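Raw model_33.cif, mmCIF, C-alpha atoms:
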```cif
data_structure
loop_
_atom_site.label_atom_id
_atom_site.label_comp_id
_atom_site.auth_asym_id
_atom_site.auth_seq_id
_atom_site.Cartn_x
_atom_site.Cartn_y
_atom_site.Cartn_z
CA MET N 1014 -84.00 101.92 98.87
CA ASN N 1015 -81.40 102.64 96.18
CA LYS N 1016 -78.16 104.14 97.47
CA ILE N 1017 -74.76 104.90 96.00
CA GLY N 1018 -71.52 105.66 97.80
CA VAL N 1019 -68.62 107.83 96.69
CA ILE N 1020 -65.37 106.73 98.34
CA GLY N 1021 -62.89 109.59 98.44
CA VAL N 1022 -64.08 113.21 98.42
CA GLY N 1023 -60.81 115.07 97.96
CA TYR N 1024 -60.32 116.46 94.44
CA TRP N 1025 -62.65 114.55 92.09
CA GLY N 1026 -65.09 112.92 94.49
CA PRO N 1027 -67.23 116.04 95.11
CA ASN N 1028 -67.86 116.29 91.36
CA LEU N 1029 -69.17 112.74 91.36
CA VAL N 1030 -71.32 113.49 94.41
CA ARG N 1031 -72.83 116.50 92.65
CA ASN N 1032 -73.73 114.55 89.55
CA PHE N 1033 -75.10 111.48 91.30
CA MET N 1034 -77.29 113.71 93.46
CA SER N 1035 -78.54 115.64 90.42
CA LEU N 1036 -79.56 112.48 88.55
CA GLY N 1037 -82.45 111.83 90.92
CA ALA N 1038 -81.79 108.10 90.56
CA PHE N 1039 -81.02 107.40 94.22
CA ASP N 1040 -82.81 107.64 97.52
CA GLU N 1041 -79.50 108.55 99.13
CA VAL N 1042 -75.96 109.46 98.12
CA ILE N 1043 -73.26 108.73 100.70
CA ALA N 1044 -69.85 110.39 100.85
CA CYS N 1045 -67.15 108.22 102.40
CA ASP N 1046 -63.73 109.44 103.47
CA PRO N 1047 -61.56 108.90 106.58
CA ASP N 1048 -60.79 112.63 106.62
CA ALA N 1049 -63.46 114.26 108.82
CA GLU N 1050 -62.68 117.75 107.52
CA ARG N 1051 -63.24 116.68 103.92
CA LEU N 1052 -66.54 115.09 104.86
CA ARG N 1053 -67.65 118.21 106.69
CA ALA N 1054 -66.77 120.41 103.70
CA VAL N 1055 -68.54 118.25 101.11
CA CYS N 1056 -71.66 117.90 103.27
CA GLN N 1057 -71.84 121.68 103.62
CA ARG N 1058 -71.74 122.00 99.83
CA PHE N 1059 -74.46 119.40 99.23
CA PRO N 1060 -77.38 119.45 101.68
CA GLY N 1061 -78.92 116.02 102.10
CA LEU N 1062 -75.64 114.21 101.54
CA ARG N 1063 -74.86 111.59 104.16
CA ALA N 1064 -71.34 111.21 105.56
CA CYS N 1065 -69.52 107.98 106.37
CA GLY N 1066 -65.96 107.74 107.67
CA ASP N 1067 -65.40 104.01 107.14
CA ALA N 1068 -65.43 102.20 103.77
CA ALA N 1069 -66.13 98.85 105.47
CA GLU N 1070 -69.25 100.32 107.05
CA LEU N 1071 -70.41 101.66 103.68
CA LEU N 1072 -69.83 98.36 101.88
CA ALA N 1073 -71.74 96.47 104.57
CA GLU N 1074 -74.97 98.36 103.86
CA PRO N 1075 -77.30 96.13 101.79
CA ASP N 1076 -79.13 99.08 100.21
CA VAL N 1077 -75.91 100.47 98.69
CA GLU N 1078 -76.10 99.06 95.17
CA ALA N 1079 -73.00 100.74 93.76
CA VAL N 1080 -69.86 102.66 94.73
CA ALA N 1081 -67.62 105.11 92.93
CA ILE N 1082 -63.97 105.05 93.94
CA ALA N 1083 -62.23 108.43 93.71
CA THR N 1084 -59.14 107.82 95.81
CA PRO N 1085 -55.45 107.86 94.83
CA VAL N 1086 -54.68 104.97 92.49
CA ARG N 1087 -52.78 103.00 95.13
CA TYR N 1088 -56.12 102.30 96.88
CA HIS N 1089 -58.16 101.42 93.76
CA HIS N 1090 -57.53 97.69 93.62
CA GLU N 1091 -58.18 96.87 97.26
CA LEU N 1092 -61.30 99.04 97.54
CA ALA N 1093 -62.76 97.80 94.25
CA LYS N 1094 -62.05 94.18 95.21
CA ARG N 1095 -63.80 94.60 98.55
CA ALA N 1096 -66.76 96.33 96.89
CA LEU N 1097 -67.19 93.61 94.27
CA GLN N 1098 -66.95 90.93 96.96
CA ALA N 1099 -69.70 92.78 98.83
CA GLY N 1100 -71.90 92.58 95.73
CA LYS N 1101 -71.63 96.22 94.67
CA HIS N 1102 -71.32 97.60 91.16
CA VAL N 1103 -68.11 99.60 90.85
CA LEU N 1104 -66.99 102.77 89.09
CA ILE N 1105 -63.24 103.49 89.37
CA GLU N 1106 -61.40 106.69 88.58
CA LYS N 1107 -58.55 106.58 86.06
CA PRO N 1108 -56.10 104.97 85.97
CA MET N 1109 -57.95 101.79 86.87
CA THR N 1110 -55.17 100.11 88.90
CA GLN N 1111 -51.43 100.24 89.53
CA THR N 1112 -50.75 97.06 87.54
CA ALA N 1113 -52.32 95.09 84.71
CA GLN N 1114 -52.53 92.02 86.95
CA GLN N 1115 -54.67 93.95 89.44
CA ALA N 1116 -56.95 95.09 86.61
CA ARG N 1117 -57.36 91.53 85.32
CA GLU N 1118 -58.21 90.33 88.83
CA LEU N 1119 -61.00 92.91 89.15
CA ILE N 1120 -62.37 92.07 85.69
CA SER N 1121 -62.51 88.38 86.60
CA LEU N 1122 -64.11 89.07 89.98
CA ALA N 1123 -66.77 91.34 88.45
CA ALA N 1124 -67.65 88.64 85.92
CA GLN N 1125 -67.86 85.99 88.64
CA ARG N 1126 -70.14 88.15 90.78
CA GLY N 1127 -72.24 89.41 87.86
CA ARG N 1128 -71.45 93.04 88.65
CA THR N 1129 -70.69 96.01 86.44
CA LEU N 1130 -67.11 97.29 86.52
CA MET N 1131 -66.58 100.63 84.80
CA VAL N 1132 -63.69 103.08 84.58
CA ASP N 1133 -64.38 106.80 84.67
CA HIS N 1134 -62.72 107.93 81.45
CA THR N 1135 -64.82 111.10 81.44
CA PHE N 1136 -63.51 112.47 78.14
CA LEU N 1137 -65.28 109.68 76.26
CA PHE N 1138 -68.55 111.41 77.17
CA THR N 1139 -67.63 114.87 75.87
CA GLY N 1140 -69.54 116.04 72.83
CA ALA N 1141 -66.24 116.42 70.98
CA VAL N 1142 -65.13 112.80 71.44
CA GLU N 1143 -68.64 111.53 70.72
CA LYS N 1144 -68.59 113.44 67.41
CA ILE N 1145 -65.09 112.19 66.52
CA HIS N 1146 -66.20 108.62 67.28
CA GLU N 1147 -69.25 109.12 65.08
CA ILE N 1148 -67.14 110.40 62.16
CA VAL N 1149 -64.58 107.60 62.44
CA SER N 1150 -67.24 104.87 62.87
CA ALA N 1151 -68.98 106.09 59.70
CA GLY N 1152 -65.77 105.58 57.75
CA GLU N 1153 -65.37 109.27 56.94
CA LEU N 1154 -61.78 109.35 58.18
CA GLY N 1155 -60.80 106.46 55.93
CA GLU N 1156 -57.78 104.42 56.96
CA CYS N 1157 -56.29 105.83 60.15
CA TYR N 1158 -52.69 106.89 59.55
CA TYR N 1159 -51.72 108.29 62.93
CA VAL N 1160 -52.89 110.15 66.02
CA ASP N 1161 -50.91 112.99 67.57
CA SER N 1162 -51.78 114.18 71.07
CA VAL N 1163 -50.48 117.01 73.26
CA ARG N 1164 -51.65 117.40 76.86
CA VAL N 1165 -49.42 119.84 78.75
CA ASN N 1166 -49.70 122.41 81.54
CA LEU N 1167 -47.84 123.74 84.57
CA GLY N 1168 -48.55 121.09 87.26
CA LEU N 1169 -50.43 119.63 89.03
CA PHE N 1170 -47.58 117.49 90.37
CA GLN N 1171 -48.75 114.19 91.86
CA SER N 1172 -47.17 112.33 94.77
CA ASP N 1173 -47.91 108.76 93.68
CA VAL N 1174 -47.86 108.73 89.85
CA ASP N 1175 -45.65 110.25 87.16
CA VAL N 1176 -46.85 112.51 84.35
CA ILE N 1177 -47.63 109.56 82.05
CA TRP N 1178 -49.84 107.85 84.61
CA ASP N 1179 -51.50 111.18 85.44
CA LEU N 1180 -52.23 112.67 82.01
CA ALA N 1181 -51.87 109.97 79.33
CA PRO N 1182 -54.87 107.83 80.43
CA HIS N 1183 -57.22 110.51 79.08
CA ASP N 1184 -55.90 110.35 75.53
CA LEU N 1185 -55.09 106.64 75.56
CA SER N 1186 -58.72 105.92 76.41
CA ILE N 1187 -59.89 108.26 73.65
CA VAL N 1188 -57.71 106.61 70.99
CA GLY N 1189 -58.81 103.14 72.07
CA HIS N 1190 -62.48 104.12 72.07
CA VAL N 1191 -62.44 105.98 68.76
CA SER N 1192 -60.36 103.41 66.88
CA GLY N 1193 -61.41 100.17 68.55
CA ALA N 1194 -57.76 99.09 68.25
CA LYS N 1195 -55.55 97.40 70.84
CA PRO N 1196 -52.09 98.64 71.85
CA LYS N 1197 -49.27 96.30 70.86
CA ARG N 1198 -45.93 98.12 71.12
CA VAL N 1199 -44.87 100.98 73.40
CA GLN N 1200 -41.86 103.27 73.67
CA ALA N 1201 -41.50 105.99 76.29
CA ILE N 1202 -38.89 108.68 76.88
CA GLY N 1203 -39.08 110.98 79.89
CA ARG N 1204 -37.11 113.23 82.19
CA LYS N 1205 -37.22 114.16 85.89
CA HIS N 1206 -36.58 117.92 86.06
CA ALA N 1207 -38.33 118.94 89.28
CA GLY N 1208 -37.03 116.13 91.46
CA PRO N 1209 -35.53 112.63 91.42
CA HIS N 1210 -38.74 110.68 91.95
CA MET N 1211 -41.30 111.45 89.23
CA VAL N 1212 -40.98 111.86 85.46
CA ASP N 1213 -42.54 115.26 84.67
CA VAL N 1214 -42.05 115.49 80.88
CA ALA N 1215 -42.57 112.48 78.62
CA TYR N 1216 -43.10 111.35 75.04
CA LEU N 1217 -45.02 108.14 74.45
CA HIS N 1218 -45.32 106.24 71.16
CA VAL N 1219 -47.83 103.41 70.80
CA ASP N 1220 -48.31 101.06 67.85
CA TYR N 1221 -51.78 99.54 67.53
CA ASP N 1222 -52.88 96.22 66.09
CA SER N 1223 -54.75 97.85 63.21
CA GLY N 1224 -51.52 99.37 61.89
CA PHE N 1225 -51.51 103.01 62.99
CA THR N 1226 -49.26 104.79 65.48
CA ALA N 1227 -50.21 107.28 68.17
CA SER N 1228 -47.84 109.77 69.77
CA PHE N 1229 -48.54 111.40 73.13
CA HIS N 1230 -46.72 114.36 74.66
CA VAL N 1231 -47.51 114.86 78.35
CA ASN N 1232 -45.90 117.56 80.45
CA TRP N 1233 -46.20 119.13 83.90
CA LEU N 1234 -43.64 121.84 83.09
CA SER N 1235 -45.27 123.83 80.30
CA PRO N 1236 -45.89 127.58 80.70
CA THR N 1237 -49.06 127.22 78.63
CA LYS N 1238 -51.93 124.75 78.79
CA ILE N 1239 -52.55 122.74 75.60
CA ARG N 1240 -55.19 120.07 75.06
CA ARG N 1241 -55.08 119.07 71.40
CA MET N 1242 -55.45 115.87 69.37
CA LEU N 1243 -55.02 115.27 65.64
CA PHE N 1244 -56.54 112.25 63.91
CA ALA N 1245 -55.13 111.79 60.39
CA GLY N 1246 -56.74 109.45 57.89
CA SER N 1247 -56.68 108.70 54.20
CA LYS N 1248 -59.93 110.62 53.56
CA ARG N 1249 -60.21 113.24 56.28
CA MET N 1250 -58.28 114.76 59.16
CA ILE N 1251 -59.73 115.90 62.47
CA VAL N 1252 -58.31 118.40 64.93
CA TRP N 1253 -59.76 118.63 68.43
CA ASP N 1254 -58.73 121.57 70.60
CA ASP N 1255 -60.41 121.12 73.95
CA LEU N 1256 -59.52 124.65 75.08
CA GLU N 1257 -61.49 126.27 72.27
CA ALA N 1258 -64.67 127.74 73.69
CA ALA N 1259 -66.92 127.06 70.70
CA GLU N 1260 -64.99 125.58 67.77
CA LYS N 1261 -63.53 122.53 69.48
CA VAL N 1262 -63.64 120.09 66.53
CA ARG N 1263 -62.58 120.86 62.96
CA VAL N 1264 -62.80 118.35 60.12
CA TYR N 1265 -60.46 118.85 57.15
CA ASP N 1266 -60.90 117.39 53.69
CA LYS N 1267 -57.16 117.47 53.15
CA GLY N 1268 -54.55 114.86 52.40
CA VAL N 1269 -51.79 113.54 50.20
CA GLU N 1270 -52.25 111.20 47.26
CA LEU N 1271 -49.27 109.35 45.80
CA GLN N 1272 -49.36 108.02 42.25
CA GLU N 1273 -46.76 106.23 40.17
CA ALA N 1274 -45.22 108.49 37.51
CA GLY N 1275 -45.27 105.79 34.82
CA GLN N 1276 -43.51 102.62 33.76
CA ASP N 1277 -40.56 104.52 32.28
CA GLU N 1278 -40.05 106.38 35.55
CA GLN N 1279 -40.61 103.56 38.00
CA TYR N 1280 -38.57 105.19 40.74
CA ARG N 1281 -40.47 108.47 40.68
CA LEU N 1282 -43.76 109.32 42.33
CA ARG N 1283 -46.20 112.12 41.77
CA VAL N 1284 -47.41 113.71 44.99
CA GLY N 1285 -50.88 115.20 44.84
CA TYR N 1286 -52.27 117.37 47.60
CA ARG N 1287 -55.99 117.32 48.24
CA MET N 1288 -57.04 120.73 49.57
CA GLY N 1289 -60.75 120.50 50.24
CA ASP N 1290 -63.10 122.23 52.64
CA ALA N 1291 -62.95 122.39 56.41
CA TRP N 1292 -66.05 122.42 58.59
CA LEU N 1293 -67.15 122.63 62.19
CA PRO N 1294 -69.57 119.87 63.19
CA GLN N 1295 -72.12 120.64 65.88
CA ILE N 1296 -71.34 118.94 69.19
CA ASP N 1297 -73.33 118.22 72.33
CA VAL N 1298 -72.49 120.59 75.20
CA THR N 1299 -74.01 118.51 78.02
CA GLU N 1300 -71.59 118.08 80.92
CA ALA N 1301 -69.53 114.96 80.23
CA LEU N 1302 -69.41 113.88 83.88
CA ARG N 1303 -73.19 113.94 84.12
CA LYS N 1304 -73.45 111.72 81.04
CA MET N 1305 -70.81 109.39 82.47
CA ALA N 1306 -72.67 109.07 85.79
CA ALA N 1307 -75.96 108.40 84.03
CA HIS N 1308 -74.29 105.83 81.75
CA PHE N 1309 -72.90 103.95 84.76
CA VAL N 1310 -76.33 103.73 86.37
CA ASP N 1311 -77.99 102.78 83.09
CA CYS N 1312 -75.45 100.02 82.47
CA TYR N 1313 -75.64 98.26 85.82
CA ARG N 1314 -79.41 98.58 86.11
CA GLY N 1315 -80.00 97.57 82.50
CA GLY N 1316 -77.31 94.89 82.20
CA LYS N 1317 -75.44 96.78 79.46
CA ARG N 1318 -71.70 96.80 78.78
CA PRO N 1319 -70.17 100.22 79.54
CA ILE N 1320 -68.28 101.97 76.76
CA CYS N 1321 -65.37 102.14 79.22
CA ALA N 1322 -65.61 98.72 80.85
CA GLY N 1323 -62.89 97.04 82.88
CA GLU N 1324 -61.33 95.57 79.73
CA ASP N 1325 -60.94 99.08 78.29
CA GLY N 1326 -59.35 100.25 81.51
CA LEU N 1327 -56.97 97.28 81.27
CA ASP N 1328 -55.86 98.38 77.79
CA VAL N 1329 -54.85 101.73 79.26
CA VAL N 1330 -53.06 100.17 82.23
CA ASN N 1331 -51.19 97.83 79.85
CA VAL N 1332 -49.74 100.85 78.06
CA LEU N 1333 -48.92 102.60 81.34
CA GLU N 1334 -47.14 99.54 82.69
CA ALA N 1335 -45.29 99.13 79.40
CA SER N 1336 -44.28 102.80 79.50
CA ARG N 1337 -42.79 102.31 82.95
CA LEU N 1338 -40.70 99.38 81.68
CA SER N 1339 -39.61 101.38 78.63
CA LEU N 1340 -38.62 104.38 80.76
CA ASP N 1341 -36.58 102.14 83.04
CA ASN N 1342 -34.72 100.81 79.98
CA SER N 1343 -33.81 104.08 78.23
CA GLY N 1344 -36.75 104.10 75.85
CA ARG N 1345 -36.48 100.54 74.55
CA ALA N 1346 -39.58 99.18 72.86
CA VAL N 1347 -41.94 97.05 74.94
CA VAL N 1348 -44.45 94.61 73.47
CA ILE N 1349 -47.91 93.77 74.82
CA GLU N 1350 -48.97 90.23 73.96
CA GLY N 1351 -51.97 89.03 75.93
CA GLU N 1352 -50.92 89.06 79.59
CA ARG N 1353 -47.24 89.42 78.64
CA ILE N 1354 -45.57 92.85 78.82
CA ALA N 1355 -41.88 92.56 77.99
CA LEU N 1356 -38.97 94.26 76.29
CA ALA N 1357 -39.00 93.70 72.54
#
```

Any chance you could give the structure as structure tokens?
Amino acid sequence: MNKIGVIGVGYWGPNLVRNFMSLGAFDEVIACDPDAERLRAVCQRFPGLRACGDAAELLAEPDVEAVAIATPVRYHHELAKRALQAGKHVLIEKPMTQTAQQARELISLAAQRGRTLMVDHTFLFTGAVEKIHEIVSAGELGECYYVDSVRVNLGLFQSDVDVIWDLAPHDLSIVGHVSGAKPKRVQAIGRKHAGPHMVDVAYLHVDYDSGFTASFHVNWLSPTKIRRMLFAGSKRMIVWDDLEAAEKVRVYDKGVELQEAGQDEQYRLRVGYRMGDAWLPQIDVTEALRKMAAHFVDCYRGGKRPICAGEDGLDVVNVLEASRLSLDNSGRAVVIEGERIALA
């Protein structure tokens, strides 16, 4: 029999349960949570779902081939480590771990055990991000100049992570996936308005090894909800507004072209503005979480590398860890060099 377990059925876990059950790829889906009331509620929603109150019991079952971990991040490393040691393939919610060292340990363990380790960066499976990736991969954007991202709303305040760890992983994973670049230098500025413990408004700047810079604004204290990213290149510019019902992605044939004014005017430049067309590419509207769940199963059964493998999750955690160091040092730049994360 082929079984999969979902550990943690609080906020996100039930969505994973729904999609794994709808795939028809398993003989049984098992919900695991120490909270009996949560288990009762999720089993009422999904007839045929089996409940388990103990993760150790779930991991001991030989027919459970994979587990998805949808707990608070402080439990990710230990649960994923135990699952990999038990021979299970592992899907982990974002962010992957609390530290880069924990992420590297899981990557190494998965390789040793020959198991798939994947991070659930669900936005990579949206039709919008798939289309942006397609455009950039085809060279239509040209040289990437910068990325500008805004992800703000009122709440939800988290008890164990600040606003950067909560919201920035989405857009960090998107930039890494679309560009294929690695983060090298990080600066973060943030403030704690609602209490002394968690940063709730932050600005994050990341320099990548291919030469472009990305800026991220994340905020739990905005009266309006904004989910927007701008990708600016030498040939095209792309704007993605995730809150648009139908016209989520717009591609602009606009830009600036600088030319020398002539040898006699060597200190002057002519600025030309390219004002071309804008268009709306067609995007896939299939639920991203369903595609993510299917991709996970396809990867571990087919021996394929996930598009959001452990190494990609590590890239995100590297930036998050660097942002924490930068925040603690009044916004000083932090460099990421291999396993080294240190003040510049």

Env of Gly1246 in chain N: 7 Å cut, atoms = all atoms listed in the file, seq-sep filter 4 positions within chain, self excluded. Answer as JSON, numbers by chain.
{"N": [1154, 1155, 1156, 1157, 1158, 1250]}

So what do you get for CA of Asn1015 in chain N versus CA of Leu1302 in chain N, distance-wise?
20.5 Å

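Between CA of Ala1049 in chain N and CA of Lys1094 in chain N the separation is 24.3 Å.
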
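Summary of the local environment: counting only C-alpha atoms, residues at most 8 Å from His1190 in chain N, other than itself and those fewer than 6 positions away along its chain, are Leu1137, His1146, Ile1320 and Cys1321 of chain N.
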
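Closest to Arg1198 in chain N among N:Gly1344, N:Gly1140, N:Gly1037, N:Gly1315 is N:Gly1344, based on all atoms listed in the file.
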